[in-house]
Amino acid sequence: MRRQPSEPEQPLPLEGITVVAVEQAVSAPFATRQLADLGARVIKVERPDGGDFARGYDTAAQGLASHFVWCNRGKESLAVDLKDPRGLSLVRRLTADADVFVQNLAQGAAARLGLDAASLCALHPRLIAVDISGYGPEGPYAHKRAYDMLVQCEAGLVSVTGTEDQPVKAGIPAADIAAAMYAFSGVLAALLRRGVTGRGGPVEISMLESLAEWMGHPLHYGMHGGEPPARTGLAHAVIAPYDAYGTADGGQVLLSVQNDREWRRLAEQVLDRPELADDPAFAVNTARTAHRAKTDAAVGEALARLTTQEALDRLEAAGIACARLNSVLDVAAHPQLAARDRWRPVDSPAGPLRALLPPITLPGGAPPRMGAVPALGEHTDALLTSLGVTDEETAALRRDGVVA
């Protein structure tokens with residue numbers, strides 16, 4: 001519903017919320033970027049000697065790292081050495097006035113600095129403090145290194161992704177993203193609770209538990225069905241036809257038949273083989289799945305005679321769910337994203353960069369705050385000034401390598 005001209009614009013929902021984040025890589029930075037997009041002030045604490053190591057992953061975004069650009073717009077960068085007591089004191093002072101603190105340091109590192117959720121919430125009862133870890137604070141895996149690919153393997157995602165012969169990891173950092181989104185929603189839930197009780201409290205997120213939740217379908221299928229679903233590439237383990245099929249102009253079209261009525265329409269209106277609608281080998285999904293090779297051959301032969309657009313047009317006319325098999329660059333030029341005006345320029349040290357609007361759309365409200373991607377330590381001086389640190393003290397801290 002669009003805002004009427006006479007109605008006042010609603011503010012961003014997290015306007016006035018301050019977040020301090022000791023973060024790196026993807027899980028915590030992506031979580032806090034969601035908060036920044038919704039209006040929160042996010043202060044990103046980085047090492048003076050290079051900052052968040054994701055800054056060095058690649059140089060694809062006009063010389064900047066694509067991961068960093070994606071996860072860190074709209075933040076203020078404070079470059080400070082937490083191993084130096086003076087630097088740690090500065091971050092503690094910032095945290096005392098913050099609403100939210102987020103960290104994803106290696107297990108045990110935050111506790112050694114007194115920056116774990118339990119310690120901070122004991123000092124500041126209104127603070128919401130988030131600990132993001134690979135496997136959680138207890139148990140035999142608590143101190144195990146937890147990179148995205150490793151957690152994808154531990155959570156079983158890799159076992160159900162790929163072809164029958166070859167398991168593969170997801171092409172995106174699925175474990176990091178899962179943890180980030182639960183951290184984001186956990187902060188929102190804790191803010192609502194604080195509005196009622198006046199108290200913040202710890203929020204605990206583990207990458208393994210986040211991704212294990214996303215494994216719900218194969219997990220329940222395996223636990224309750226006796227065996228896990230097979231890897232089937234683009235196909236579906238229990239539905240047929242459900243796959244990508246080649247077309248006459250070299251493209252690929254993915255289609256999904258969800259029920260037997262759709263199969264009849266596909267046979268009659270797309271495949272031009274109406275006899276398949278009642279053939280016992282194809283008439284019901286269990287039969288089509290049992291004869292998957294024959295099912296796929298029938299569909300593949302028909303679509304191979306059509307161009308990609310002809311195939312899509314015919315499938316759409318028959319009411320069959322379908323899609324192009326797009327490349328990443330195809331997505332960047334996707335007509336639906338263009339039609340909905342989903343792209344915006346975001347400033348960065350390398351100049352303007354294209355970025356997608358966040359998926360949360362709040363009609364009638366202020367637009368998302370898609371701020372600039374910060375340079376390392378870009379806001380150090382301003383933040384120290386806000387804490388009452390004099391120019392002379394800042395110069396000494398910089399000279400000693402405590403800040404940058």
# chains A, B, ... in the order shown; residues from 1 in each chain; ligands from 1
call {"tool": "residues_around", "arguments": {"residues": "Val203 (chain A)", "least_positions_apart": "3", "cutoff": "8 Å", "atoms": "only C-alpha atoms", "output": "PyMOL selection string"}}
result
chain A and resi 117+128-131+183+186-187+190
call {"tool": "residues_around", "arguments": {"residues": "region 149-152 of chain A", "least_positions_apart": "5", "cutoff": "8 Å", "atoms": "only C-alpha atoms", "output": "ChimeraX atom specification"}}
result
/A:134,157-158,169-170,173-175,207-208,211
call {"tool": "write_last_selection", "arguments": {"atoms": "N, CA, C and O atoms", "output": "PDB file, in the first residue's frame"}}
result
ATOM      1  N   GLY A 134      30.828 -20.258  15.372  1.00  0.00           N
ATOM      2  CA  GLY A 134      30.645 -21.341  14.432  1.00  0.00           C
ATOM      3  C   GLY A 134      29.754 -22.435  14.969  1.00  0.00           C
ATOM      4  O   GLY A 134      28.840 -22.912  14.288  1.00  0.00           O
ATOM      5  N   LEU A 157      24.647 -29.706   4.299  1.00  0.00           N
ATOM      6  CA  LEU A 157      24.196 -29.057   3.070  1.00  0.00           C
ATOM      7  C   LEU A 157      24.911 -29.610   1.848  1.00  0.00           C
ATOM      8  O   LEU A 157      24.292 -29.866   0.804  1.00  0.00           O
ATOM      9  N   VAL A 158      26.213 -29.831   1.974  1.00  0.00           N
ATOM     10  CA  VAL A 158      26.981 -30.334   0.837  1.00  0.00           C
ATOM     11  C   VAL A 158      26.521 -31.734   0.440  1.00  0.00           C
ATOM     12  O   VAL A 158      26.540 -32.099  -0.737  1.00  0.00           O
ATOM     13  N   LYS A 169      29.622 -27.651  -2.573  1.00  0.00           N
ATOM     14  CA  LYS A 169      29.141 -26.642  -1.639  1.00  0.00           C
ATOM     15  C   LYS A 169      28.243 -25.662  -2.387  1.00  0.00           C
ATOM     16  O   LYS A 169      28.283 -25.557  -3.617  1.00  0.00           O
ATOM     17  N   ALA A 170      27.418 -24.946  -1.653  1.00  0.00           N
ATOM     18  CA  ALA A 170      26.608 -23.901  -2.258  1.00  0.00           C
ATOM     19  C   ALA A 170      27.517 -22.818  -2.815  1.00  0.00           C
ATOM     20  O   ALA A 170      28.602 -22.553  -2.278  1.00  0.00           O
ATOM     21  N   PRO A 173      27.961 -18.055   0.437  1.00  0.00           N
ATOM     22  CA  PRO A 173      28.319 -18.458   1.811  1.00  0.00           C
ATOM     23  C   PRO A 173      27.077 -18.701   2.653  1.00  0.00           C
ATOM     24  O   PRO A 173      26.701 -17.897   3.514  1.00  0.00           O
ATOM     25  N   ALA A 174      26.440 -19.844   2.430  1.00  0.00           N
ATOM     26  CA  ALA A 174      25.122 -20.117   3.018  1.00  0.00           C
ATOM     27  C   ALA A 174      25.151 -20.149   4.546  1.00  0.00           C
ATOM     28  O   ALA A 174      24.205 -19.688   5.200  1.00  0.00           O
ATOM     29  N   ALA A 175      26.200 -20.705   5.132  1.00  0.00           N
ATOM     30  CA  ALA A 175      26.271 -20.771   6.597  1.00  0.00           C
ATOM     31  C   ALA A 175      26.428 -19.382   7.202  1.00  0.00           C
ATOM     32  O   ALA A 175      25.801 -19.047   8.214  1.00  0.00           O
ATOM     33  N   MET A 207      26.563 -20.671  13.617  1.00  0.00           N
ATOM     34  CA  MET A 207      26.447 -20.959  12.188  1.00  0.00           C
ATOM     35  C   MET A 207      25.874 -22.350  11.953  1.00  0.00           C
ATOM     36  O   MET A 207      25.013 -22.548  11.090  1.00  0.00           O
ATOM     37  N   LEU A 208      26.357 -23.337  12.719  1.00  0.00           N
ATOM     38  CA  LEU A 208      25.883 -24.708  12.541  1.00  0.00           C
ATOM     39  C   LEU A 208      24.383 -24.805  12.807  1.00  0.00           C
ATOM     40  O   LEU A 208      23.632 -25.397  12.017  1.00  0.00           O
ATOM     41  N   LEU A 211      22.314 -23.044   9.994  1.00  0.00           N
ATOM     42  CA  LEU A 211      22.226 -23.779   8.741  1.00  0.00           C
ATOM     43  C   LEU A 211      21.491 -25.106   8.922  1.00  0.00           C
ATOM     44  O   LEU A 211      20.779 -25.560   8.011  1.00  0.00           O
TER      45      LEU A 211
END
call {"tool": "closest_residue", "arguments": {"among": "A:Pro359, A:Pro241, A:Pro274, A:Pro349", "to": "Cys322 (chain A)", "atoms": "only C-alpha atoms"}}
result
A:Pro241
call {"tool": "select_by_dssp", "arguments": {"residues": "region 182-283 of chain A", "states": "helix (DSSP H, G or I)", "output": "PyMOL selection string"}}
result
chain A and resi 182-197+207-214+216-225+260-270+274-277
call {"tool": "residues_around", "arguments": {"residues": "Asn259 (chain A)", "least_positions_apart": "4", "cutoff": "9 Å", "atoms": "only C-alpha atoms", "output": "PyMOL selection string"}}
result
chain A and resi 239+263+284-285
call {"tool": "write_last_selection", "arguments": {"atoms": "N, CA and C atoms", "output": "PDB file, in the first residue's frame"}}
result
ATOM      1  N   ILE A 239      10.069 -35.142  -7.202  1.00  0.00           N
ATOM      2  CA  ILE A 239       9.127 -34.580  -8.164  1.00  0.00           C
ATOM      3  C   ILE A 239       9.721 -34.701  -9.559  1.00  0.00           C
ATOM      4  N   TRP A 263       0.836 -31.959 -15.279  1.00  0.00           N
ATOM      5  CA  TRP A 263       1.447 -32.894 -16.226  1.00  0.00           C
ATOM      6  C   TRP A 263       0.572 -33.057 -17.473  1.00  0.00           C
ATOM      7  N   VAL A 284       0.944 -40.287 -13.007  1.00  0.00           N
ATOM      8  CA  VAL A 284       1.046 -39.769 -11.640  1.00  0.00           C
ATOM      9  C   VAL A 284       2.509 -39.518 -11.299  1.00  0.00           C
ATOM     10  N   ASN A 285       2.732 -38.636 -10.315  1.00  0.00           N
ATOM     11  CA  ASN A 285       4.102 -38.215 -10.012  1.00  0.00           C
ATOM     12  C   ASN A 285       4.996 -39.368  -9.589  1.00  0.00           C
TER      13      ASN A 285
END
call {"tool": "atom_distance", "arguments": {"atom1": "CA of Val80 (chain A)", "atom2": "CA of Ser66 (chain A)"}}
result
23.4 Å
call {"tool": "closest_residue", "arguments": {"among": "A:Val328, A:Ala323, A:Val270, A:Cys71", "to": "Ala244 (chain A)", "atoms": "only C-alpha atoms"}}
result
A:Ala323
